[in-house]
Structure formats: structure tokens, C-alpha cells
file structure03.tsv (TSV, C-alpha atoms)
chain	number	residue	atom	x	y	z
E	1	MET	CA	7.22	1.80	-37.68
E	2	ARG	CA	7.67	-1.89	-37.07
E	3	PHE	CA	5.34	-3.87	-34.89
E	4	ASN	CA	4.94	-7.50	-33.92
E	5	GLU	CA	2.20	-8.20	-36.41
E	6	LYS	CA	1.98	-11.96	-35.97
E	7	GLU	CA	1.59	-11.59	-32.24
E	8	LEU	CA	-1.03	-8.90	-32.70
E	9	LEU	CA	-2.91	-11.19	-35.08
E	10	CYS	CA	-2.94	-13.80	-32.34
E	11	ILE	CA	-4.39	-11.26	-29.97
E	12	SER	CA	-7.08	-10.41	-32.48
E	13	LYS	CA	-8.21	-14.03	-32.44
E	14	GLN	CA	-8.80	-14.11	-28.70
E	15	PRO	CA	-12.42	-14.48	-27.66
E	16	SER	CA	-14.07	-11.20	-26.88
E	17	GLU	CA	-17.31	-10.30	-25.21
E	18	LYS	CA	-17.46	-7.19	-27.28
E	19	ALA	CA	-17.68	-8.16	-30.93
E	20	ALA	CA	-20.41	-7.23	-33.39
E	21	GLU	CA	-21.07	-6.41	-36.97
E	22	LEU	CA	-21.38	-2.66	-37.22
E	23	GLY	CA	-21.36	-0.07	-39.91
E	24	MET	CA	-17.95	1.61	-39.89
E	25	ARG	CA	-16.88	4.79	-41.58
E	26	GLY	CA	-13.34	6.11	-41.67
E	27	PRO	CA	-12.37	9.64	-40.70
E	28	LYS	CA	-11.42	10.98	-44.11
E	29	LYS	CA	-13.71	12.95	-46.37
E	30	GLY	CA	-15.25	10.64	-48.86
E	31	ASP	CA	-15.07	7.58	-46.64
E	32	VAL	CA	-18.27	5.60	-46.76
E	33	VAL	CA	-19.94	3.27	-44.30
E	34	LYS	CA	-18.88	-0.35	-44.65
E	35	ARG	CA	-20.04	-3.41	-42.77
E	36	ARG	CA	-17.26	-4.63	-40.52
E	37	LEU	CA	-16.96	-7.14	-37.72
E	38	VAL	CA	-15.69	-4.91	-34.93
E	39	LYS	CA	-14.00	-6.59	-32.00
E	40	LEU	CA	-12.57	-5.17	-28.81
E	41	VAL	CA	-9.60	-7.05	-27.39
E	42	ILE	CA	-7.69	-5.44	-24.52
E	43	ASN	CA	-6.96	-1.89	-25.73
E	44	PHE	CA	-7.26	-2.60	-29.45
E	45	LEU	CA	-10.31	-2.26	-31.60
E	46	PHE	CA	-9.91	-4.71	-34.46
E	47	TYR	CA	-12.09	-4.56	-37.52
E	48	PHE	CA	-12.55	-7.40	-39.97
E	49	ARG	CA	-14.12	-7.53	-43.40
E	50	THR	CA	-17.12	-9.72	-42.82
E	51	ASP	CA	-15.83	-12.94	-44.29
E	52	GLU	CA	-12.15	-12.64	-43.52
E	53	GLU	CA	-10.22	-14.33	-40.74
E	54	GLU	CA	-7.58	-11.69	-40.29
E	55	PRO	CA	-8.45	-8.15	-39.33
E	56	ALA	CA	-8.25	-5.45	-41.97
E	57	GLY	CA	-6.93	-3.13	-39.29
E	58	ALA	CA	-6.74	-2.13	-35.66
E	59	LEU	CA	-7.24	1.07	-33.70
E	60	LEU	CA	-5.19	1.66	-30.57
E	61	LEU	CA	-7.61	2.85	-27.92
E	62	GLU	CA	-5.34	5.21	-26.01
E	63	GLN	CA	-5.79	8.96	-25.78
E	64	CYS	CA	-9.02	8.78	-27.64
E	65	LYS	CA	-12.48	10.10	-27.06
E	66	VAL	CA	-15.50	7.86	-27.50
E	67	GLU	CA	-18.89	9.47	-27.66
E	68	GLN	CA	-22.39	8.79	-28.77
E	69	GLU	CA	-23.15	10.70	-31.92
E	70	GLU	CA	-26.73	9.92	-32.80
E	71	PRO	CA	-29.18	7.66	-31.05
E	72	MET	CA	-27.59	4.64	-32.68
E	73	ALA	CA	-24.06	5.63	-33.57
E	74	PHE	CA	-20.85	6.40	-31.74
E	75	SER	CA	-17.54	7.89	-32.75
E	76	VAL	CA	-13.92	7.34	-31.82
E	77	ALA	CA	-11.58	10.31	-32.20
E	78	PHE	CA	-7.95	10.75	-31.20
E	79	LEU	CA	-6.86	13.58	-29.00
E	80	ASP	CA	-4.97	15.79	-31.37
E	81	GLU	CA	-7.27	15.17	-34.32
E	82	SER	CA	-10.64	15.51	-32.73
E	83	GLU	CA	-12.43	16.43	-35.94
E	84	LYS	CA	-11.29	13.23	-37.56
E	85	LYS	CA	-13.78	10.70	-36.27
E	86	TYR	CA	-14.27	7.04	-36.93
E	87	LEU	CA	-17.99	6.45	-36.95
E	88	PHE	CA	-19.73	3.23	-35.93
E	89	GLU	CA	-23.39	2.54	-36.60
E	90	CYS	CA	-25.22	0.18	-34.26
E	91	GLU	CA	-28.45	-1.77	-34.40
E	92	SER	CA	-29.92	-0.13	-31.34
E	93	SER	CA	-29.41	2.68	-28.94
E	94	GLU	CA	-28.75	0.17	-26.17
E	95	GLN	CA	-26.02	-1.54	-28.17
E	96	CYS	CA	-24.53	1.85	-28.90
E	97	GLN	CA	-24.39	2.80	-25.23
E	98	GLU	CA	-22.80	-0.51	-24.32
E	99	TRP	CA	-20.05	0.04	-26.87
E	100	VAL	CA	-19.39	3.57	-25.70
E	101	GLU	CA	-19.06	2.31	-22.17
E	102	SER	CA	-16.79	-0.60	-23.04
E	103	LEU	CA	-14.50	1.43	-25.27
E	104	THR	CA	-14.24	4.22	-22.72
E	105	LYS	CA	-13.00	1.75	-20.15
E	106	ALA	CA	-10.68	-0.08	-22.52
E	107	SER	CA	-7.58	2.07	-22.30
E	108	TYR	CA	-4.59	1.41	-20.12
E	109	GLU	CA	-4.83	5.00	-19.00
E	110	PHE	CA	-8.38	4.45	-17.74
E	111	MET	CA	-7.21	1.50	-15.67
E	112	ARG	CA	-4.38	3.53	-14.21
E	113	ARG	CA	-6.68	6.37	-13.25
E	114	SER	CA	-9.11	3.94	-11.64
E	115	LEU	CA	-6.29	2.37	-9.70
E	116	MET	CA	-5.06	5.75	-8.52
E	117	PHE	CA	-8.58	6.68	-7.49
E	118	TYR	CA	-9.07	3.57	-5.35
E	119	ARG	CA	-5.58	3.78	-3.94
E	120	SER	CA	-6.23	7.30	-2.81
E	121	GLU	CA	-9.71	6.57	-1.44
E	122	ILE	CA	-8.53	3.55	0.50
E	123	HIS	CA	-5.66	5.55	1.89
E	124	LYS	CA	-8.07	8.27	2.98
E	125	LEU	CA	-10.30	5.76	4.73
E	126	THR	CA	-7.67	3.57	6.34
E	127	GLY	CA	-4.43	5.54	6.40
E	128	LYS	CA	-2.77	2.66	4.56
E	129	ASP	CA	-1.51	2.35	1.01
E	130	PRO	CA	-3.06	-0.79	-0.48
E	131	LEU	CA	-0.18	-1.19	-2.94
E	132	GLU	CA	2.39	-1.60	-0.20
E	133	GLN	CA	1.61	-5.22	0.47
E	134	TYR	CA	2.67	-5.99	-3.10
E	135	GLY	CA	5.80	-3.90	-2.92
E	136	ILE	CA	4.75	-1.77	-5.88
E	137	SER	CA	4.00	1.57	-4.22
E	138	GLU	CA	7.06	3.19	-5.74
E	139	GLU	CA	6.45	2.17	-9.32
E	140	ALA	CA	6.49	5.18	-11.62
E	141	ARG	CA	3.14	4.37	-13.19
E	142	PHE	CA	1.36	4.59	-9.84
E	143	GLN	CA	2.69	7.98	-8.87
E	144	VAL	CA	0.31	10.91	-8.68
E	145	SER	CA	2.85	13.18	-10.29
E	146	SER	CA	2.78	11.07	-13.44
E	147	GLN	CA	-0.91	11.59	-13.96
E	148	ARG	CA	-2.01	13.56	-16.94
E	149	PRO	CA	-3.64	16.89	-16.12
G	1	MET	CA	-3.33	-5.72	-41.13
G	2	LYS	CA	-3.31	-1.96	-41.11
G	3	LEU	CA	-2.08	-0.24	-38.00
G	4	HIS	CA	-2.71	3.45	-37.77
G	5	GLU	CA	0.84	4.46	-37.09
G	6	LYS	CA	-0.03	7.99	-36.03
G	7	GLN	CA	-1.92	6.67	-33.03
G	8	PHE	CA	1.15	4.86	-31.81
G	9	VAL	CA	3.49	7.73	-32.45
G	10	ARG	CA	1.16	10.05	-30.57
G	11	HIS	CA	0.85	7.65	-27.67
G	12	ALA	CA	4.59	7.15	-27.55
G	13	SER	CA	5.57	10.75	-27.75
G	14	GLY	CA	3.65	12.80	-25.37
G	15	HIS	CA	1.14	13.13	-22.74
G	16	SER	CA	0.96	9.71	-21.21
G	17	PRO	CA	3.48	8.85	-18.51
G	18	VAL	CA	6.36	6.53	-19.19
G	19	ASP	CA	6.51	3.47	-16.99
G	20	LYS	CA	10.17	2.84	-17.65
G	21	GLU	CA	12.80	3.83	-20.17
G	22	GLY	CA	16.44	3.24	-20.86
G	23	PHE	CA	19.04	1.82	-23.24
G	24	LEU	CA	18.93	-1.84	-24.11
G	25	GLY	CA	20.76	-3.96	-26.62
G	26	LYS	CA	18.36	-5.53	-29.07
G	27	LYS	CA	19.24	-8.53	-31.16
G	28	GLY	CA	18.25	-8.29	-34.80
G	29	GLU	CA	15.69	-10.77	-36.04
G	30	ALA	CA	17.98	-12.60	-38.43
G	31	ARG	CA	21.37	-11.21	-37.48
G	32	PRO	CA	23.33	-12.29	-34.39
G	33	THR	CA	24.42	-8.74	-33.55
G	34	TYR	CA	22.91	-6.51	-30.89
G	35	GLN	CA	22.02	-2.90	-31.59
G	36	ARG	CA	21.77	-0.35	-28.82
G	37	ARG	CA	18.31	1.20	-28.79
G	38	TRP	CA	16.37	3.55	-26.55
G	39	PHE	CA	13.40	1.72	-25.08
G	40	SER	CA	10.29	3.25	-23.61
G	41	LEU	CA	7.56	1.29	-21.84
G	42	ARG	CA	4.05	2.73	-21.74
G	43	GLY	CA	1.40	0.38	-20.45
G	44	ASN	CA	1.42	-2.80	-22.52
G	45	LEU	CA	3.44	-1.23	-25.34
G	46	LEU	CA	7.21	-1.30	-25.53
G	47	PHE	CA	8.50	1.30	-27.98
G	48	TYR	CA	12.06	1.39	-29.24
G	49	TYR	CA	13.90	4.21	-30.92
G	50	GLU	CA	17.00	4.23	-33.06
G	51	LYS	CA	18.35	7.01	-30.87
G	52	ARG	CA	17.18	8.66	-27.67
G	53	GLY	CA	15.30	11.82	-28.51
G	54	ASP	CA	14.11	10.64	-31.92
G	55	PRO	CA	10.61	11.97	-32.64
G	56	GLY	CA	9.17	8.68	-33.79
G	57	PRO	CA	9.78	5.11	-32.68
G	58	LEU	CA	11.53	2.59	-34.86
G	59	GLY	CA	9.10	0.00	-33.68
G	60	VAL	CA	6.73	-1.23	-31.00
G	61	ILE	CA	6.25	-4.54	-29.26
G	62	VAL	CA	2.75	-5.25	-27.95
G	63	LEU	CA	3.27	-7.01	-24.64
G	64	GLU	CA	0.28	-9.31	-24.45
G	65	GLY	CA	0.50	-13.06	-24.43
G	66	CYS	CA	4.20	-13.13	-23.79
G	67	SER	CA	6.49	-14.28	-21.02
G	68	VAL	CA	9.71	-12.63	-19.92
G	69	GLN	CA	12.78	-14.66	-19.05
G	70	LEU	CA	16.35	-14.10	-17.97
G	71	CYS	CA	18.77	-15.81	-20.31
G	72	GLU	CA	22.31	-16.45	-21.41
G	73	SER	CA	23.70	-14.28	-24.13
G	74	SER	CA	26.73	-14.31	-26.35
G	75	ALA	CA	27.03	-10.54	-26.23
G	76	GLY	CA	27.59	-10.53	-22.49
G	77	ASP	CA	25.58	-10.79	-19.33
G	78	PHE	CA	22.36	-9.14	-18.21
G	79	ALA	CA	20.38	-10.68	-21.06
G	80	PHE	CA	16.67	-11.39	-21.01
G	81	ALA	CA	14.02	-12.26	-23.53
G	82	ILE	CA	10.43	-11.47	-24.35
G	83	VAL	CA	8.99	-14.76	-25.54
G	84	PHE	CA	5.81	-15.22	-27.50
G	85	GLN	CA	4.75	-18.84	-27.50
G	86	GLY	CA	3.25	-20.24	-30.63
G	87	PRO	CA	4.04	-21.29	-34.18
G	88	GLY	CA	5.94	-18.61	-36.03
G	89	LEU	CA	5.90	-16.22	-33.08
G	90	ARG	CA	8.97	-14.32	-32.14
G	91	THR	CA	11.39	-14.11	-29.24
G	92	TYR	CA	12.98	-10.72	-28.63
G	93	LYS	CA	16.42	-10.93	-27.08
G	94	LEU	CA	17.57	-7.93	-25.13
G	95	THR	CA	20.55	-7.00	-22.99
G	96	ALA	CA	20.68	-4.50	-20.14
G	97	GLU	CA	23.57	-2.39	-18.95
G	98	ASP	CA	23.84	-3.99	-15.52
G	99	GLN	CA	22.15	-6.45	-13.23
G	100	HIS	CA	19.98	-3.85	-11.58
G	101	GLU	CA	18.58	-2.70	-14.89
G	102	GLN	CA	18.14	-6.27	-16.08
G	103	GLU	CA	16.02	-7.17	-13.08
G	104	SER	CA	14.18	-3.90	-13.19
G	105	TRP	CA	13.23	-4.40	-16.84
G	106	VAL	CA	12.16	-8.00	-16.34
G	107	LYS	CA	9.97	-6.96	-13.45
G	108	ALA	CA	8.42	-4.08	-15.38
G	109	LEU	CA	7.76	-6.15	-18.50
G	110	LEU	CA	6.22	-9.02	-16.56
G	111	SER	CA	3.63	-6.73	-15.05
G	112	ALA	CA	3.01	-4.66	-18.17
G	113	ASN	CA	0.12	-6.74	-19.45
G	114	PHE	CA	-3.48	-5.76	-19.00
G	115	GLY	CA	-4.41	-8.82	-16.98
G	116	TYR	CA	-2.04	-7.88	-14.19
G	117	LEU	CA	-3.44	-4.39	-13.86
G	118	GLN	CA	-7.01	-5.62	-14.05
G	119	MET	CA	-6.51	-8.07	-11.24
G	120	LEU	CA	-4.86	-5.38	-9.17
G	121	LEU	CA	-7.79	-3.11	-9.83
G	122	LEU	CA	-10.29	-5.78	-8.85
G	123	ASP	CA	-8.39	-6.27	-5.64
G	124	LEU	CA	-8.48	-2.56	-4.83
G	125	GLU	CA	-12.17	-2.44	-5.63
G	126	ARG	CA	-12.81	-5.25	-3.21
G	127	ILE	CA	-10.78	-3.57	-0.47
G	128	TYR	CA	-12.55	-0.29	-1.15
G	129	GLN	CA	-15.95	-1.91	-0.85
G	130	GLU	CA	-14.95	-3.46	2.44
G	131	VAL	CA	-13.56	-0.32	4.00
G	132	SER	CA	-16.20	2.03	2.72
G	133	GLY	CA	-18.70	-0.37	4.15
G	134	ASP	CA	-21.38	0.04	1.57
G	135	SER	CA	-22.23	-1.08	-1.90
G	136	LYS	CA	-20.75	1.90	-3.66
G	137	PRO	CA	-20.79	1.29	-7.40
G	138	LEU	CA	-17.68	-0.27	-8.82
G	139	VAL	CA	-15.65	0.94	-11.76
G	140	LEU	CA	-15.06	-2.48	-13.18
G	141	GLY	CA	-17.64	-5.10	-13.56
G	142	PRO	CA	-19.59	-6.76	-16.32
G	143	ALA	CA	-21.06	-4.12	-18.57
G	144	PRO	CA	-24.82	-3.91	-18.80
G	145	GLY	CA	-26.11	-6.76	-20.84
G	146	HIS	CA	-23.54	-9.14	-19.54
G	147	ALA	CA	-24.79	-9.43	-16.01
G	148	LEU	CA	-28.04	-11.18	-16.62
G	149	PRO	CA	-28.84	-14.22	-14.55
G	150	GLY	CA	-27.41	-17.32	-16.01
G	151	LYS	CA	-24.55	-15.58	-17.77
G	152	GLU	CA	-21.01	-16.21	-16.56
G	153	GLY	CA	-19.93	-13.26	-14.50
G	154	ARG	CA	-16.27	-12.73	-14.97
G	155	GLY	CA	-16.05	-9.54	-12.99
G	156	TYR	CA	-13.85	-7.88	-15.59
G	157	ALA	CA	-14.66	-5.14	-18.03
G	158	ALA	CA	-16.28	-6.67	-21.03
G	159	GLY	CA	-14.16	-7.54	-23.96
G	160	GLN	CA	-10.90	-7.53	-22.13
G	161	LEU	CA	-9.47	-10.09	-19.82
G	162	GLN	CA	-10.53	-13.57	-20.66
G	163	ALA	CA	-9.36	-15.36	-17.56
G	164	PRO	CA	-10.09	-19.05	-17.86
G	165	PRO	CA	-12.43	-20.18	-15.09
G	166	PRO	CA	-10.23	-21.50	-12.31
G	167	SER	CA	-10.31	-25.23	-11.97
G	168	GLY	CA	-10.32	-27.18	-8.79
G	169	LYS	CA	-12.17	-26.35	-5.65
G	170	SER	CA	-9.31	-26.92	-3.27
G	171	LYS	CA	-8.59	-23.29	-2.53
G	172	LYS	CA	-10.94	-21.67	-0.14
G	173	SER	CA	-10.82	-17.98	0.31
G	174	PRO	CA	-10.84	-16.78	3.89
G	175	LYS	CA	-13.38	-14.18	2.86
G	176	LEU	CA	-16.46	-14.99	0.91
G	177	TRP	CA	-17.77	-12.57	-1.62
G	178	PRO	CA	-20.59	-10.63	-0.06
G	179	LYS	CA	-23.81	-11.31	-1.86
G	180	ARG	CA	-25.19	-7.93	-2.62
G	181	HIS	CA	-25.92	-5.79	-5.61
G	182	ALA	CA	-24.31	-2.61	-6.73
G	183	GLN	CA	-26.07	0.29	-8.35
G	184	VAL	CA	-26.13	0.91	-12.04
G	185	SER	CA	-25.17	4.24	-13.42
G	186	PRO	CA	-23.41	5.38	-16.55
G	187	THR	CA	-19.69	6.00	-16.33
G	188	SER	CA	-18.12	9.29	-17.11
G	189	ALA	CA	-14.87	9.37	-18.95
G	190	GLU	CA	-13.89	12.81	-17.72
G	191	THR	CA	-14.01	12.60	-13.95
G	192	PRO	CA	-12.23	10.10	-11.79
G	193	PRO	CA	-14.30	6.96	-11.95
G	194	THR	CA	-16.80	7.34	-9.19
G	195	VAL	CA	-19.80	5.72	-10.71
G	196	GLY	CA	-19.94	2.26	-11.99
G	197	VAL	CA	-21.69	-0.37	-13.87
G	198	VAL	CA	-23.79	-3.31	-13.01
G	199	ALA	CA	-21.83	-5.63	-10.80
G	200	ARG	CA	-23.78	-8.66	-9.86
G	201	VAL	CA	-21.44	-9.55	-7.07
G	202	GLU	CA	-23.18	-12.80	-6.34
G	203	GLU	CA	-22.12	-14.00	-9.73
G	204	TRP	CA	-18.51	-13.59	-8.67
G	205	SER	CA	-18.98	-16.10	-5.90
G	206	VAL	CA	-19.16	-18.68	-8.66
G	207	VAL	CA	-15.44	-18.20	-9.15
G	208	ASP	CA	-13.48	-20.58	-6.96
G	209	ASP	CA	-10.46	-18.39	-6.45
G	210	THR	CA	-11.21	-14.83	-5.49
G	211	PRO	CA	-9.46	-12.22	-7.60
G	212	LEU	CA	-7.37	-11.33	-4.57
G	213	GLU	CA	-6.04	-14.86	-4.38
G	214	ALA	CA	-5.51	-14.92	-8.10
G	215	PHE	CA	-3.58	-11.67	-7.94
G	216	VAL	CA	-1.49	-12.72	-5.00
G	217	VAL	CA	-0.70	-15.97	-6.77
G	218	LEU	CA	0.27	-14.14	-9.93
G	219	HIS	CA	2.38	-11.62	-8.08
G	220	THR	CA	4.12	-14.29	-6.04
G	221	ARG	CA	4.74	-16.38	-9.10
G	222	TYR	CA	6.45	-13.54	-10.91
G	223	GLY	CA	8.57	-12.88	-7.85
G	224	LEU	CA	9.49	-16.56	-7.59
G	225	GLU	CA	10.26	-16.81	-11.27
G	226	ILE	CA	12.62	-13.90	-11.11
G	227	GLY	CA	14.09	-15.22	-7.89
G	228	GLU	CA	14.69	-18.70	-9.26
G	229	VAL	CA	16.27	-17.64	-12.49
G	230	ARG	CA	18.36	-15.07	-10.73
G	231	GLU	CA	19.59	-17.75	-8.34
G	232	GLU	CA	20.51	-19.99	-11.26
G	233	TRP	CA	22.33	-17.19	-12.96
G	234	ARG	CA	24.16	-16.28	-9.79
G	235	LYS	CA	25.36	-19.86	-9.29
G	236	LYS	CA	26.71	-19.90	-12.80
G	237	LYS	CA	28.53	-16.67	-12.14
G	238	GLU	CA	29.98	-18.04	-8.93
G	239	GLY	CA	31.40	-20.91	-10.93
G	240	GLY	CA	33.18	-18.39	-13.15
G	241	GLY	CA	34.83	-16.73	-10.16
G	242	GLU	CA	33.62	-13.26	-11.02
G	243	ASN	CA	32.95	-10.82	-8.23
G	244	ASN	CA	29.42	-11.08	-6.97
G	245	LYS	CA	27.56	-7.90	-6.53
G	246	PRO	CA	24.97	-7.94	-3.76
G	247	LEU	CA	21.47	-8.45	-5.00
G	248	LEU	CA	20.03	-5.02	-5.45
G	249	ILE	CA	16.41	-6.00	-5.44
G	250	ASP	CA	15.08	-7.96	-2.54
G	251	LEU	CA	11.96	-9.68	-3.66
G	252	GLY	CA	11.32	-10.99	-0.19

call {"tool": "encode", "arguments": {"input": "structure03.tsv", "output": "C-alpha cells"}}
result
Amino acid sequence: MRFNEKELLCISKQPSEKAAELGMRGPKKGDVVKRRLVKLVINFLFYFRTDEEEPAGALLLEQCKVEQEEPMAFSVAFLDESEKKYLFECESSEQCQEWVESLTKASYEFMRRSLMFYRSEIHKLTGKDPLEQYGISEEARFQVSSQRP
Amino acid sequence: MKLHEKQFVRHASGHSPVDKEGFLGKKGEARPTYQRRWFSLRGNLLFYYEKRGDPGPLGVIVLEGCSVQLCESSAGDFAFAIVFQGPGLRTYKLTAEDQHEQESWVKALLSANFGYLQMLLLDLERIYQEVSGDSKPLVLGPAPGHALPGKEGRGYAAGQLQAPPPSGKSKKSPKLWPKRHAQVSPTSAETPPTVGVVARVEEWSVVDDTPLEAFVVLHTRYGLEIGEVREEWRKKKEGGGENNKPLLIDLG
């Protein structure tokens, strides 16, 4: 599968409020923990070898489950392979919780659901659709029927 | 850089809703010819398939940091381009089947990036706070640890939108940000977002333009951009004496 790698590399260089050196372990048996600079940009989780400028890889944070595993570690697993977890070890429980929170909110799907929630609540309270003023009420991505169960 | 292809294939092929899909001509990177491909837009990812119904995409274009423009094309009309600015970065040239589709795709691609959705969400949060009349916790806001006094409050989920601080104090919002605090509680990924994070709203008042203004500006700009280019294109067509179809999308 082709992808616009150069452009994605540019994205990986954007400043991020969520970047830290963490221990990272891949999902396969036999994978060991390695120190990586882990950086959240938009809905990608980039990971860099500690002294390299370009990321070693990127995880697409859509349809994934992020949860705290131990007091100081969290995992990222993808929906149809929930046993295969990427594990991240943090310095503190607080740092761990912050990462779980940030990654949970990172997906496009999360944004959509939040939007739908507010749209519906505002409509309930006011009788008006807040998206109408922008002329985007009919867009497919904002329709209730297109929500995942 | 390693991309875990399975993640993309999974995202492309199932559960999540498609924002838009259809056939487009795609110009090869080196070759001047256009190939007809099935395109599928999901969020900020534009997937393309060799044929409609193929299980896996041929490729994906991440739609961040790009602009979308109508353009001339040697293969015919209804051409547009996804342009990434920067040394060595690519321009994807695409052609649609008709004017309606061309405009529809340009519109969809322009608003596919995260920043657009985030600003929209901030706007809805603001409206919700106003109409619900209390300081109900917000979904989006600086994550704990980022809302300490003295830190720049950007009002966006941490690690995502890096909106440059607006310059110039000329714009005054008709509504000032209310200076009040919101409650802190952990978010739940399962339920609809009803609890939020720390949102030191008074930090937002540091921002000159309110997010609503910023969003309205952004939205208007996209509409104007499309309008202008469309006008240009239409004038050129008029010169050629071809029959003018009525504009199908009224951007107001």
C-alpha cells in the first residue's frame, strides 16, 4: 500500500505537546522493551529511535483501544486484534494517565462522536441544529445513521 | 518509516463511516496519463483502490498540511489538485466526472483535516456551555498537566492542533470568554463524551480571536476560495462558448 511518506514525515516533525521518551514493546511474542521517543501528532503516534531525526514508524490511532495496564504502563490495541498490544512504559502513574487520556481523544472518530453529542444536546436544548449556520448539516459524516454501533 | 499497513486496511475497509467516495482520475507521479481509481475519504485519510470493491487500497493520502485547488487539466475539465507545499513534497492531480462532483470533492477535501473539525468542536462546546447555562465539563480542553497557570492554554486536545497564536488585536469578539472553571474528571472512551478534562477557560481569553471567529473565518475562506476559482473557471469556459450548466452548489 502506497502512502505519502514525505508528507507524513513532515507531519511527524510538527511540534507536539505530547512527546516523551517511553519504553515501547511491540505486540509480537519475543518483542522486547526499547527506549523510543514517542510523539503524538494529530491521529498518528510516531516513534523515533532516541537519536534519530526520522521516525522508525507510526501507528494510526483509529479503531484502537488505549488502556492502562499497570500503574505505570499503558497499551494500544487494534480492534480486531485485541490480544496484540503495543505496550508503553511511563515514568509515573500520572504520566501514564495523561497519555491514556490524550491517545483516547486523538482519533478522528472520537472527534466525530463528540461533535454528534454536542449537536444533539444543543438541538435538545434549543430546538436548533448548530451545524446549519455553516451549511454542513447534511454532510454524511455528521449523520446519526453513519455512527458506529 | 514503517507504517503498519494492516491498521490502514482495517480502517479503510469496515466499520467506520465513509465521508465521501467515488471515481476519480488520478495522474501518475511521473507519467502524464490519468488512471481511473475508486476513492474513499474517511476523516483525514483519502484511500484509493485500483478497482471499486477491491479488498485493500492501492494507496492512501494523509490529508494534513495540504491545500486543495481547482485547476486546468490536459485530460479534460473538472480537474483539481491536492497540493503539499514544501521542498520535495507532492501535488496530486485528480479529475472528477462532472462539475458537481468536482466541487463536492474539493469541498470535502478542504474540510477533511483535523484542524477544521477541532475548531468546529470548540465552537459547539462554546454554544453548549452557553445554552446549558452552567460550567458542565468540556470534552476538549488542555489535558491535565497542561493547564497550569502560566502555561499557554490553547484550548485544544493536547498533542494535536498547533494553531499559531493569532496576531493582531484588531478583532474584537462580540462575546468575551466567560472566566470560570470547569470540573476535572477522567474521560471515558466508551460512552458519549459527557465528562471532560481541565479547561481553564480564563486561559482562553488570552487568545485574541475566539475559536468561533477563527472557525467562521476558516469556513468563509474555504467558501470564498472555491467561489473565486469557480468563477475564474466559469469565465474561461464562457470564452470557449461551451454551454454553461447552472451552478449546482450555492455557497451563499

call {"tool": "closest_atom_pairs", "arguments": {"input": "structure03.tsv", "of": "chain E", "to": "chain G", "cutoff": "7 Å", "atoms": "all atoms listed in the file", "output": "Markdown table"}}
result
| residue | atom | partner | partner_atom | distance |
| --- | --- | --- | --- | --- |
| E:Met1 | CA | G:Gly59 | CA | 4.8 |
| E:Arg2 | CA | G:Gly59 | CA | 4.1 |
| E:Phe3 | CA | G:Val60 | CA | 4.9 |
| E:Asn4 | CA | G:Ile61 | CA | 5.7 |
| E:Lys6 | CA | G:Leu89 | CA | 6.5 |
| E:Glu7 | CA | G:Leu89 | CA | 6.4 |
| E:Ser16 | CA | G:Gly159 | CA | 4.7 |
| E:Glu17 | CA | G:Gly159 | CA | 4.4 |
| E:Lys18 | CA | G:Gly159 | CA | 4.7 |
| E:Leu40 | CA | G:Gly159 | CA | 5.6 |
| E:Val41 | CA | G:Gln160 | CA | 5.4 |
| E:Ile42 | CA | G:Gln160 | CA | 4.5 |
| E:Pro55 | CA | G:Met1 | CA | 5.9 |
| E:Ala56 | CA | G:Met1 | CA | 5.0 |
| E:Gly57 | CA | G:Lys2 | CA | 4.2 |
| E:Ala58 | CA | G:Leu3 | CA | 5.5 |
| E:Leu59 | CA | G:His4 | CA | 6.5 |
| E:Leu60 | CA | G:Gln7 | CA | 6.5 |
| E:Glu62 | CA | G:His11 | CA | 6.9 |
| E:Glu98 | CA | G:Pro144 | CA | 6.8 |
| E:Glu101 | CA | G:Thr187 | CA | 6.9 |
| E:Ser102 | CA | G:Ala158 | CA | 6.4 |
| E:Thr104 | CA | G:Ala189 | CA | 6.4 |
| E:Tyr108 | CA | G:Gly43 | CA | 6.1 |
| E:Arg113 | CA | G:Pro192 | CA | 6.8 |
| E:Ser114 | CA | G:Pro193 | CA | 6.0 |
| E:Leu115 | CA | G:Leu121 | CA | 5.7 |
| E:Phe117 | CA | G:Pro192 | CA | 6.6 |
| E:Tyr118 | CA | G:Leu124 | CA | 6.2 |
| E:Ile122 | CA | G:Tyr128 | CA | 5.8 |
| E:Leu125 | CA | G:Val131 | CA | 6.9 |
| E:Ala140 | CA | G:Asp19 | CA | 5.6 |
| E:Arg141 | CA | G:Asp19 | CA | 5.2 |
| E:Ser146 | CA | G:Pro17 | CA | 5.6 |
| E:Gln147 | CA | G:Pro17 | CA | 6.9 |
| E:Arg148 | CA | G:Ser16 | CA | 6.5 |

call {"tool": "write_last_selection", "arguments": {"input": "structure03.tsv", "atoms": "C-alpha atoms", "output": "compact mmCIF listing (two decimals), in the coordinates of the input"}}
result
# COMPACT_ATOMS: atom_id res chain seq x y z
CA MET E 1 7.22 1.80 -37.68
CA ARG E 2 7.67 -1.89 -37.07
CA PHE E 3 5.34 -3.87 -34.89
CA ASN E 4 4.94 -7.50 -33.92
CA LYS E 6 1.98 -11.96 -35.97
CA GLU E 7 1.59 -11.59 -32.24
CA SER E 16 -14.07 -11.20 -26.88
CA GLU E 17 -17.31 -10.30 -25.21
CA LYS E 18 -17.46 -7.19 -27.28
CA LEU E 40 -12.57 -5.17 -28.81
CA VAL E 41 -9.60 -7.05 -27.39
CA ILE E 42 -7.69 -5.44 -24.52
CA PRO E 55 -8.45 -8.15 -39.33
CA ALA E 56 -8.25 -5.45 -41.97
CA GLY E 57 -6.93 -3.13 -39.29
CA ALA E 58 -6.74 -2.13 -35.66
CA LEU E 59 -7.24 1.07 -33.70
CA LEU E 60 -5.19 1.66 -30.57
CA GLU E 62 -5.34 5.21 -26.01
CA GLU E 98 -22.80 -0.51 -24.32
CA GLU E 101 -19.06 2.31 -22.17
CA SER E 102 -16.79 -0.60 -23.04
CA THR E 104 -14.24 4.22 -22.72
CA TYR E 108 -4.59 1.41 -20.12
CA ARG E 113 -6.68 6.37 -13.25
CA SER E 114 -9.11 3.94 -11.64
CA LEU E 115 -6.29 2.37 -9.70
CA PHE E 117 -8.58 6.68 -7.49
CA TYR E 118 -9.07 3.57 -5.35
CA ILE E 122 -8.53 3.55 0.50
CA LEU E 125 -10.30 5.76 4.73
CA ALA E 140 6.49 5.18 -11.62
CA ARG E 141 3.14 4.37 -13.19
CA SER E 146 2.78 11.07 -13.44
CA GLN E 147 -0.91 11.59 -13.96
CA ARG E 148 -2.01 13.56 -16.94

call {"tool": "atom_distance", "arguments": {"input": "structure03.tsv", "atom1": "atom CA of E:Met72", "atom2": "atom CA of E:Glu52"}}
result
25.6 Å

call {"tool": "atom_distance", "arguments": {"input": "structure03.tsv", "atom1": "atom CA of E:Thr50", "atom2": "atom CA of E:Gln14"}}
result
17.0 Å

call {"tool": "closest_residue", "arguments": {"input": "structure03.tsv", "among": "G:Thr91, G:Ser40, G:Thr33, G:Gln102", "to": "G:Gly14", "atoms": "only C-alpha atoms"}}
result
G:Ser40

call {"tool": "residues_around", "arguments": {"input": "structure03.tsv", "residues": "stretch 81-83 of chain E", "least_positions_apart": "6", "cutoff": "10 Å", "atoms": "all atoms listed in the file", "output": "PyMOL selection string"}}
result
chain E and resi 27-28+64-65
